>>> print(open('input04.txt').read())   # compact mmCIF, C-alpha atoms
# COMPACT_ATOMS: atom_id res chain seq x y z
CA MET O 8 196.03 -16.64 -10.15
CA GLU O 9 194.12 -19.64 -8.85
CA LYS O 10 195.73 -23.09 -8.84
CA MET O 11 195.30 -24.95 -12.12
CA ASP O 12 194.44 -28.64 -12.43
CA LYS O 13 197.49 -30.31 -14.02
CA TYR O 14 195.37 -32.37 -16.40
CA ARG O 15 193.75 -29.21 -17.72
CA VAL O 16 197.26 -27.81 -18.30
CA LEU O 17 198.28 -30.99 -20.14
CA ALA O 18 195.20 -30.77 -22.37
CA GLY O 19 196.00 -27.05 -22.94
CA ILE O 20 199.58 -27.92 -23.94
CA ILE O 21 198.33 -30.38 -26.56
CA LEU O 22 195.53 -28.06 -27.74
CA PHE O 23 197.56 -24.88 -28.18
CA GLY O 24 200.70 -26.74 -29.32
CA SER O 25 198.65 -28.45 -32.03
CA LEU O 26 197.12 -25.14 -33.13
CA TRP O 27 200.58 -23.54 -33.31
CA GLY O 28 202.05 -26.52 -35.17
CA MET O 29 199.20 -26.57 -37.69
CA LEU O 30 199.61 -22.84 -38.39
CA GLU O 31 203.39 -23.33 -38.82
CA CYS O 32 202.74 -26.06 -41.39
CA MET O 33 199.83 -24.52 -43.30
CA LEU O 34 200.58 -20.78 -43.40
CA GLY O 35 204.03 -21.36 -44.91
CA GLU O 36 202.31 -23.10 -47.82
CA VAL O 37 199.93 -20.28 -48.68
CA SER O 38 201.99 -17.13 -48.02
CA PRO O 39 203.09 -14.86 -50.89
CA SER O 40 206.87 -14.63 -51.37
CA TRP O 41 207.04 -10.93 -50.39
CA PHE O 42 205.48 -11.49 -46.96
CA PRO O 43 207.89 -12.26 -44.06
CA MET O 44 205.93 -15.34 -43.00
CA GLY O 45 208.75 -16.79 -40.87
CA ALA O 46 208.83 -13.61 -38.78
CA PHE O 47 205.02 -13.58 -38.56
CA LEU O 48 204.92 -17.20 -37.39
CA GLY O 49 207.62 -16.63 -34.75
CA GLY O 50 206.86 -13.06 -33.66
CA PHE O 51 203.06 -13.01 -33.88
CA ILE O 52 201.64 -16.55 -33.86
CA GLY O 53 204.24 -18.32 -31.70
CA LEU O 54 204.85 -15.52 -29.21
CA GLY O 55 201.15 -14.57 -29.14
CA LEU O 56 199.96 -18.12 -28.41
CA MET O 57 202.64 -18.69 -25.77
CA MET O 58 201.79 -15.43 -24.00
CA LEU O 59 198.04 -16.05 -24.26
CA THR O 60 198.42 -19.45 -22.56
CA ARG O 61 200.70 -17.93 -19.91
CA ARG O 62 197.88 -15.45 -19.23
CA LEU O 63 195.10 -18.07 -19.22
CA TYR O 64 196.86 -20.87 -17.35
CA GLY O 65 199.62 -19.00 -15.43
CA PHE O 66 201.75 -22.14 -15.58
CA MET O 67 205.54 -21.93 -16.10
CA TRP O 68 207.18 -24.33 -18.59
CA MET O 69 203.81 -25.03 -20.20
CA GLN O 70 204.93 -23.04 -23.24
CA LEU O 71 207.99 -25.27 -23.76
CA GLY O 72 205.58 -28.20 -23.80
CA MET O 73 203.47 -26.42 -26.42
CA ALA O 74 206.59 -25.83 -28.52
CA LEU O 75 207.46 -29.54 -28.25
CA VAL O 76 203.96 -30.48 -29.49
CA ALA O 77 204.12 -27.85 -32.28
CA GLY O 78 207.59 -29.06 -33.29
CA ALA O 79 206.39 -32.67 -33.30
CA LEU O 80 203.51 -31.75 -35.60
CA ARG O 81 205.82 -29.67 -37.83
CA PHE O 82 208.01 -32.74 -38.16
CA TRP O 83 205.24 -34.44 -40.16
CA ALA O 84 204.90 -31.67 -42.75
CA PRO O 85 207.54 -32.14 -45.46
CA VAL O 86 208.07 -28.42 -46.17
CA GLY O 87 211.79 -27.86 -46.89
CA THR O 88 214.39 -30.59 -46.90
CA CYS O 89 215.48 -30.32 -43.28
CA VAL O 90 212.17 -30.84 -41.53
CA ILE O 91 213.80 -31.84 -38.26
CA CYS O 92 215.68 -28.49 -38.21
CA SER O 93 212.40 -26.54 -38.44
CA ALA O 94 210.89 -28.71 -35.72
CA LEU O 95 213.91 -28.15 -33.45
CA ALA O 96 213.82 -24.39 -34.15
CA ILE O 97 210.21 -24.21 -32.86
CA MET O 98 211.26 -26.07 -29.73
CA ALA O 99 214.16 -23.60 -29.30
CA GLU O 100 211.66 -20.72 -29.56
CA GLY O 101 209.66 -22.23 -26.70
CA LEU O 102 212.78 -22.53 -24.57
CA ILE O 103 213.75 -18.89 -25.21
CA PHE O 104 210.24 -17.78 -24.21
CA GLU O 105 210.55 -19.65 -20.91
CA LEU O 106 213.99 -18.19 -20.23
CA ILE O 107 212.63 -14.66 -20.72
CA PHE O 108 209.23 -14.84 -19.09
CA ASN O 109 210.08 -17.12 -16.14
CA ARG O 110 212.10 -14.24 -14.69
CA PRO O 111 210.14 -12.63 -11.83
CA THR O 112 210.66 -9.21 -13.46
CA PHE O 113 208.71 -10.27 -16.54
CA ASN O 114 205.88 -12.04 -14.72
CA ILE O 115 202.73 -10.74 -16.41
CA HIS O 116 200.66 -11.63 -13.32
CA GLY O 117 202.88 -9.43 -11.16
CA THR O 118 201.26 -6.62 -9.18
CA GLY O 119 202.44 -3.43 -7.52
CA PRO O 120 205.36 -1.44 -8.92
CA LEU O 121 206.35 -4.22 -11.36
CA ASP O 122 202.90 -4.60 -12.90
CA LEU O 123 203.67 -4.95 -16.63
CA ARG O 124 200.07 -4.82 -17.79
CA ASN O 125 200.04 -1.56 -19.69
CA PRO O 126 200.16 -1.33 -23.50
CA LYS O 127 203.44 0.59 -23.79
CA THR O 128 205.47 -1.72 -21.53
CA LEU O 129 204.00 -4.80 -23.18
CA ALA O 130 204.72 -3.43 -26.65
CA VAL O 131 208.43 -2.83 -25.91
CA LEU O 132 208.65 -6.21 -24.17
CA GLY O 133 207.01 -7.76 -27.25
CA ILE O 134 209.59 -6.11 -29.51
CA ILE O 135 212.43 -7.58 -27.44
CA ALA O 136 210.84 -11.03 -27.08
CA GLY O 137 209.68 -11.27 -30.72
CA PHE O 138 213.13 -10.36 -32.01
CA THR O 139 215.00 -12.66 -29.61
CA ILE O 140 212.74 -15.67 -30.15
CA TYR O 141 212.80 -15.38 -33.94
CA VAL O 142 216.51 -14.62 -34.41
CA VAL O 143 217.62 -17.37 -32.01
CA GLY O 144 215.35 -19.83 -33.86
CA TYR O 145 216.79 -18.66 -37.21
CA MET O 146 220.39 -19.00 -35.99
CA PHE O 147 219.57 -22.42 -34.55
CA THR O 148 218.33 -23.53 -37.99
CA GLN O 149 221.43 -22.16 -39.73
CA VAL O 150 223.67 -24.19 -37.41
CA MET O 151 221.60 -27.36 -37.27
CA THR O 152 220.75 -27.68 -40.99
CA PRO O 153 224.32 -28.27 -42.24
CA LEU O 154 225.11 -30.48 -39.25
CA LEU O 155 222.04 -32.69 -39.73
CA THR O 156 222.19 -32.84 -43.53
CA GLY O 157 225.91 -33.57 -43.77
CA ALA O 158 226.65 -30.29 -45.59
CA ILE O 159 229.41 -27.74 -44.89
CA PHE O 160 229.15 -25.62 -41.74
CA THR O 161 231.71 -22.86 -41.26
CA VAL O 162 231.73 -20.11 -38.64
CA SER O 163 232.66 -17.51 -41.29
CA ASN O 164 229.67 -18.55 -43.38
CA PHE O 165 227.41 -18.29 -40.35
CA ALA O 166 228.89 -14.91 -39.40
CA SER O 167 228.46 -13.49 -42.90
CA ASN O 168 224.74 -14.32 -42.76
CA ILE O 169 224.21 -12.52 -39.42
CA PRO O 170 223.03 -9.24 -41.09
CA LEU O 171 220.36 -11.22 -42.93
CA MET O 172 219.22 -12.98 -39.76
CA VAL O 173 219.20 -9.78 -37.69
CA GLY O 174 217.53 -7.86 -40.54
CA SER O 175 214.67 -10.33 -40.84
CA GLY O 176 214.30 -10.06 -37.05
CA PHE O 177 213.03 -6.50 -37.57
CA PHE O 178 209.68 -7.82 -38.79
CA ALA O 179 209.50 -10.30 -35.90
CA ALA O 180 210.15 -7.42 -33.48
CA VAL O 181 207.30 -5.39 -35.01
CA PHE O 182 204.94 -8.38 -34.95
CA GLY O 183 205.96 -9.10 -31.34
CA GLY O 184 205.22 -5.49 -30.38
CA ILE O 185 201.65 -6.01 -31.59
CA SER O 186 201.00 -9.58 -30.43
CA LEU O 187 202.16 -9.30 -26.82
CA PRO O 188 199.83 -6.45 -25.75
CA LEU O 189 197.00 -8.17 -27.63
CA ALA O 190 197.59 -11.52 -25.92
CA VAL O 191 197.84 -9.99 -22.44
CA LEU O 192 195.27 -7.20 -22.57
CA ALA O 193 192.52 -8.11 -25.06
CA GLU O 194 189.36 -8.84 -23.05
CA GLN O 195 187.92 -10.84 -25.96
CA LEU O 196 190.75 -13.38 -25.67
CA HIS O 197 190.29 -14.03 -21.96
CA PHE O 198 188.33 -16.80 -20.25
CA ASN O 199 188.71 -18.62 -16.97
CA VAL O 200 189.92 -22.13 -17.83
CA ASN O 201 188.99 -23.46 -14.36
CA THR O 202 185.34 -22.51 -14.67
CA ILE O 203 184.73 -24.41 -17.91
CA ARG O 204 182.95 -27.69 -17.18
CA LYS O 205 185.32 -30.67 -17.36
CA GLU O 206 183.43 -32.59 -20.01
CA HIS O 207 183.17 -29.54 -22.28
CA TYR O 208 186.82 -28.57 -21.79
CA TYR O 209 188.31 -31.99 -22.53
CA ALA O 210 185.94 -32.67 -25.42
CA ALA O 211 186.78 -29.33 -27.06
CA ALA O 212 190.53 -29.74 -26.44
CA THR O 213 190.52 -33.28 -27.88
CA GLY O 214 188.39 -32.28 -30.87
CA VAL O 215 190.43 -29.21 -31.83
CA SER O 216 193.77 -31.02 -31.32
CA ALA O 217 192.61 -33.97 -33.43
CA PHE O 218 191.40 -31.56 -36.13
CA CYS O 219 194.86 -29.92 -36.30
CA TRP O 220 196.70 -33.24 -36.65
CA VAL O 221 194.21 -34.59 -39.21
CA MET O 222 194.51 -31.36 -41.24
CA VAL O 223 198.31 -31.62 -41.40
CA PHE O 224 198.39 -35.34 -42.17
CA GLY O 225 195.57 -35.02 -44.69
CA PHE O 226 197.04 -32.00 -46.47
CA PHE O 227 200.61 -33.26 -46.72
CA HIS O 228 200.22 -37.03 -46.95
CA LEU O 229 196.81 -37.79 -48.45
CA LEU O 230 196.06 -34.97 -50.90
CA MET H 137 214.05 6.75 -10.16
CA SER H 138 211.48 4.13 -9.05
CA ASP H 139 211.84 0.43 -9.93
CA ALA H 140 208.96 0.60 -12.42
CA LYS H 141 210.38 3.65 -14.19
CA ARG H 142 213.87 2.12 -14.31
CA LEU H 143 212.46 -1.11 -15.77
CA ASN H 144 210.43 0.77 -18.38
CA PHE H 145 213.47 2.85 -19.31
CA ILE H 146 215.71 -0.23 -19.74
CA LEU H 147 213.05 -2.04 -21.78
CA ALA H 148 212.42 0.98 -24.02
CA ALA H 149 216.16 1.53 -24.60
CA THR H 150 216.68 -2.17 -25.44
CA ALA H 151 213.71 -2.16 -27.83
CA ALA H 152 215.00 1.03 -29.50
CA VAL H 153 218.45 -0.55 -30.00
CA ILE H 154 216.86 -3.74 -31.42
CA LEU H 155 214.66 -1.82 -33.86
CA THR H 156 217.51 0.44 -34.99
CA VAL H 157 220.08 -2.35 -35.46
CA SER H 158 217.66 -4.76 -37.14
CA PHE H 159 216.32 -2.05 -39.46
CA GLY H 160 219.91 -1.13 -40.35
CA ALA H 161 220.70 -4.78 -41.08
CA LEU H 162 217.53 -5.08 -43.15
CA ALA H 163 218.44 -1.97 -45.17
CA TYR H 164 221.93 -3.42 -45.72
CA THR H 165 220.44 -6.58 -47.25
CA PHE H 166 218.52 -4.40 -49.74
CA ILE H 167 221.76 -2.87 -51.11
CA PRO H 168 222.43 -5.25 -54.00
CA GLU H 169 225.76 -7.06 -54.09
CA GLY H 170 227.17 -6.51 -57.58
CA ASN H 171 225.22 -5.72 -60.74
CA PRO H 172 221.70 -7.25 -60.69
CA ASP H 173 221.84 -7.79 -64.48
CA LEU H 174 224.74 -10.24 -64.34
CA VAL H 175 226.25 -13.06 -62.35
CA THR H 176 230.00 -13.51 -61.78
CA ILE H 177 231.22 -17.10 -61.87
CA CYS H 178 234.89 -17.58 -61.00
CA GLY H 179 235.78 -14.18 -62.48
CA THR H 180 233.71 -14.51 -65.66
CA TYR H 181 230.62 -12.32 -66.15
CA TYR H 182 227.40 -13.76 -67.54
CA PHE H 183 224.36 -11.60 -68.33
CA TRP H 184 221.15 -13.17 -67.04
CA ALA H 185 219.34 -12.17 -70.21
CA GLU H 186 221.82 -14.18 -72.31
CA ILE H 187 222.19 -17.24 -70.10
CA PHE H 188 218.86 -18.76 -70.98
CA GLU H 189 219.24 -17.95 -74.66
CA ASN H 190 222.76 -19.32 -75.10
CA TRP H 191 222.80 -22.31 -72.76
CA ASP H 192 220.72 -25.48 -72.88
CA SER H 193 218.36 -25.70 -69.96
CA ARG H 194 216.65 -28.83 -68.72
CA ALA H 195 213.77 -29.71 -66.42
CA PHE H 196 214.57 -31.14 -63.00
CA THR H 197 212.73 -31.84 -59.77
CA ALA H 198 213.63 -30.56 -56.31
CA ASN H 199 211.39 -30.82 -53.23
CA ASP H 200 208.60 -32.23 -55.40
CA VAL H 201 208.59 -29.11 -57.60
CA THR H 202 209.68 -29.16 -61.25
CA TYR H 203 212.07 -26.37 -62.28
CA GLU H 204 213.88 -25.52 -65.48
CA GLY H 205 217.53 -24.55 -65.26
CA VAL H 206 221.05 -24.65 -66.67
CA PRO H 207 223.48 -27.05 -64.91
CA LEU H 208 225.88 -25.06 -62.73
CA ASN H 209 228.97 -27.11 -63.57
CA ALA H 210 228.74 -25.95 -67.21
CA PHE H 211 229.55 -22.37 -66.14
CA LEU H 212 232.45 -23.37 -63.93
CA LEU H 213 233.99 -25.46 -66.69
CA ASP H 214 233.37 -22.61 -69.16
CA SER H 215 235.19 -20.16 -66.89
CA GLY H 216 238.39 -22.18 -67.38
CA LEU H 217 238.79 -23.18 -63.73
CA GLN H 218 241.52 -25.81 -63.22
CA ASN H 219 240.89 -28.86 -60.99
CA PRO H 220 237.33 -27.86 -60.09
CA GLU H 221 236.88 -30.93 -57.88
CA SER H 222 239.59 -29.72 -55.47
CA HIS H 223 237.85 -26.47 -54.50
CA THR H 224 235.08 -25.26 -52.22
CA TYR H 225 232.71 -22.66 -53.69
CA ARG H 226 230.98 -19.69 -52.11
CA LEU H 227 227.64 -18.66 -53.57
CA THR H 228 226.56 -15.10 -52.73
CA GLY H 229 223.14 -13.57 -53.33
CA GLN H 230 222.27 -9.94 -54.10
CA ASP H 231 221.14 -9.67 -50.45
CA HIS H 232 224.65 -10.79 -49.27
CA TYR H 233 223.40 -14.25 -48.28
CA HIS H 234 226.31 -16.74 -48.47
CA GLN H 235 226.50 -20.49 -48.71
CA ASP H 236 229.52 -22.71 -49.22
CA VAL H 237 229.23 -25.90 -51.29
CA THR H 238 231.52 -28.59 -52.70
CA TRP H 239 232.18 -29.52 -56.34
CA ASN H 240 230.00 -32.56 -55.78
CA ASP H 241 227.11 -30.23 -54.87
CA ILE H 242 227.86 -27.96 -57.86
CA GLN H 243 227.61 -30.96 -60.20
CA ASN H 244 224.03 -31.52 -59.00
CA GLY H 245 223.06 -27.82 -59.01
CA TYR H 246 221.22 -25.62 -61.49
CA LEU H 247 220.73 -21.95 -62.27
CA THR H 248 217.04 -21.18 -62.71
CA LEU H 249 215.43 -18.28 -64.56
CA ASP H 250 212.83 -18.07 -61.81
CA GLU H 251 214.29 -15.70 -59.17
CA HIS H 252 217.80 -16.22 -60.69
CA ARG H 253 218.28 -18.92 -58.13
CA ALA H 254 220.96 -21.56 -57.59
CA VAL H 255 219.02 -24.73 -56.79
CA PHE H 256 220.53 -27.90 -55.34
CA PRO H 257 218.04 -30.77 -55.45
CA GLY H 258 220.11 -32.84 -53.02
CA LEU H 259 220.64 -30.13 -50.42
CA SER H 260 218.45 -28.37 -47.86
CA GLN H 261 216.65 -25.31 -49.18
CA SER H 262 218.79 -23.10 -46.95
CA PHE H 263 221.61 -23.83 -49.44
CA TRP H 264 219.63 -22.48 -52.37
CA VAL H 265 220.68 -18.89 -53.12
CA ARG H 266 218.14 -16.52 -54.62
CA ASP H 267 219.17 -13.60 -56.88
CA LEU H 268 222.62 -15.11 -57.27
CA ALA H 269 225.35 -12.46 -57.59
CA SER H 270 228.49 -14.59 -57.71
CA ILE H 271 230.15 -17.98 -57.35
CA GLU H 272 233.73 -17.79 -56.15
CA VAL H 273 236.41 -20.25 -55.19
CA ILE H 274 237.34 -19.96 -51.50
>>> encode(input="input04.txt", output="structure tokens")
Amino acid sequence: MEKMDKYRVLAGIILFGSLWGMLECMLGEVSPSWFPMGAFLGGFIGLGLMMLTRRLYGFMWMQLGMALVAGALRFWAPVGTCVICSALAIMAEGLIFELIFNRPTFNIHGTGPLDLRNPKTLAVLGIIAGFTIYVVGYMFTQVMTPLLTGAIFTVSNFASNIPLMVGSGFFAAVFGGISLPLAVLAEQLHFNVNTIRKEHYYAAATGVSAFCWVMVFGFFHLL
Amino acid sequence: MSDAKRLNFILAATAAVILTVSFGALAYTFIPEGNPDLVTICGTYYFWAEIFENWDSRAFTANDVTYEGVPLNAFLLDSGLQNPESHTYRLTGQDHYHQDVTWNDIQNGYLTLDEHRAVFPGLSQSFWVRDLASIEVI
């Protein structure tokens, strides 16, 4: 992987974080009640975007930055009464991703005997990552919501909801098993960030990021 | 066994455990807690079909959405509970979801016909319990 210009990485963090944040805000509004949208957002959209940027930029801790941007944008969409909890949960998902994929064993750019780039290995890794990222985010919300809203938090209450949290993680695991191989292997999703001309890259990144923020502010605060 | 094979084996085994356990937990949440046709409030049974015929419901707003529901405190007082303000209450859904609330929260809560849900306008949505099965004193 060639060395990446840090300003391109910064623009990528804002671009992909804004896209992720906008999808978190908007898809929750339009999903039917039977669809596990939370698991889809964590296991498919969140994990998929983080892995895609890891593939394109090859830059560790960039994905935590994306999660911070996505969480910041989510903070401005008043869906649910504990908006800050949802924003913090997205940031926690980014941190979990970094803790998993910064390990040398799970380096997707690795070569030789530990080359992970085959569909079966990526699918099982996606199942593990999708489940872990979503369930940890869910548990984080369950702890933070009562603490930040001044309501009752008890360990027994938290423990009794574990089957529900783990159960909903099943869908995130399935979505993760699909999104990870797609993000790493799909040729259609790959481009060399370094070869894009500077003026085109920054203009596109600024335009798309601005569009995401305007969409969220417009939809939730102006309409 | 080579490093690559060992890694693949560990990953596959972990993924299999995750899928099995999470699917088991998901199946468990589909086994309804109690009878879906009624709700138990402090030991008294109320049939959902009768609640909205026999009790006065009113419109209220929560999270910018207008709902129609019966105030929760009416059921607790009807059940004959003594000193309701001194207790904490556990709300349990058909899917075994639990939340604990105070009498102060109960006084601001409603039972809605839509999804048989306990709605608390002043609390985070994670405290709202869908397909309510019971309210018990803890």
>>> residues_around(input="input04.txt", residues="region 194-204 of chain H", least_positions_apart="2", cutoff="10 Å", atoms="only C-alpha atoms", output="PyMOL selection string")
(chain O and resi 85-88) or (chain H and resi 191-192+206-207+245-250+255-261)
>>> interface_residues(input="input04.txt", of="chain H", to="chain O", cutoff="9 Å", atoms="only C-alpha atoms", output="ChimeraX atom specification")
/H:138-141,143-144,147-152,154-165,199,226,231-238,258-263
>>> write_last_selection(input="input04.txt", atoms="C-alpha atoms", output="compact mmCIF listing (two decimals), in the frame of the given file")
# COMPACT_ATOMS: atom_id res chain seq x y z
CA SER H 138 211.48 4.13 -9.05
CA ASP H 139 211.84 0.43 -9.93
CA ALA H 140 208.96 0.60 -12.42
CA LYS H 141 210.38 3.65 -14.19
CA LEU H 143 212.46 -1.11 -15.77
CA ASN H 144 210.43 0.77 -18.38
CA LEU H 147 213.05 -2.04 -21.78
CA ALA H 148 212.42 0.98 -24.02
CA ALA H 149 216.16 1.53 -24.60
CA THR H 150 216.68 -2.17 -25.44
CA ALA H 151 213.71 -2.16 -27.83
CA ALA H 152 215.00 1.03 -29.50
CA ILE H 154 216.86 -3.74 -31.42
CA LEU H 155 214.66 -1.82 -33.86
CA THR H 156 217.51 0.44 -34.99
CA VAL H 157 220.08 -2.35 -35.46
CA SER H 158 217.66 -4.76 -37.14
CA PHE H 159 216.32 -2.05 -39.46
CA GLY H 160 219.91 -1.13 -40.35
CA ALA H 161 220.70 -4.78 -41.08
CA LEU H 162 217.53 -5.08 -43.15
CA ALA H 163 218.44 -1.97 -45.17
CA TYR H 164 221.93 -3.42 -45.72
CA THR H 165 220.44 -6.58 -47.25
CA ASN H 199 211.39 -30.82 -53.23
CA ARG H 226 230.98 -19.69 -52.11
CA ASP H 231 221.14 -9.67 -50.45
CA HIS H 232 224.65 -10.79 -49.27
CA TYR H 233 223.40 -14.25 -48.28
CA HIS H 234 226.31 -16.74 -48.47
CA GLN H 235 226.50 -20.49 -48.71
CA ASP H 236 229.52 -22.71 -49.22
CA VAL H 237 229.23 -25.90 -51.29
CA THR H 238 231.52 -28.59 -52.70
CA GLY H 258 220.11 -32.84 -53.02
CA LEU H 259 220.64 -30.13 -50.42
CA SER H 260 218.45 -28.37 -47.86
CA GLN H 261 216.65 -25.31 -49.18
CA SER H 262 218.79 -23.10 -46.95
CA PHE H 263 221.61 -23.83 -49.44
>>> atom_distance(input="input04.txt", atom1="CA of Ile21 (chain O)", atom2="CA of Ser216 (chain O)")
6.6 Å
>>> residues_around(input="input04.txt", residues="Arg81 (chain O)", least_positions_apart="3", cutoff="7 Å", atoms="only C-alpha atoms", output="list in words")
Gly28, Glu31, Cys32, Ala77, Gly78, Ala84 and Ala94 of chain O
>>> closest_residue(input="input04.txt", among="H:Phe145, H:Gly205, H:Phe166, H:Leu174", to="Phe188 (chain H)", atoms="only C-alpha atoms")
H:Gly205
>>> atom_distance(input="input04.txt", atom1="CA of Met29 (chain O)", atom2="CA of Cys219 (chain O)")
5.7 Å
>>> atom_distance(input="input04.txt", atom1="CA of Leu48 (chain O)", atom2="CA of Leu22 (chain O)")
17.3 Å
>>> closest_residue(input="input04.txt", among="O:Phe47, O:Trp68, O:Trp27, O:Tyr14", to="Ser186 (chain O)", atoms="all atoms listed in the file")
O:Phe47
>>> closest_residue(input="input04.txt", among="O:Ile140, O:Ala96, O:Val191, O:Leu196", to="Gly49 (chain O)", atoms="only C-alpha atoms")
O:Ile140
>>> residues_around(input="input04.txt", residues="Tyr181 (chain H)", least_positions_apart="6", cutoff="12 Å", atoms="all atoms listed in the file", output="ChimeraX atom specification")
/H:170-175,187,211-212,214-215,269-272
>>> closest_residue(input="input04.txt", among="O:Val221, O:Phe66, O:Asn125, O:Pro39", to="Leu192 (chain O)", atoms="all atoms listed in the file")
O:Asn125
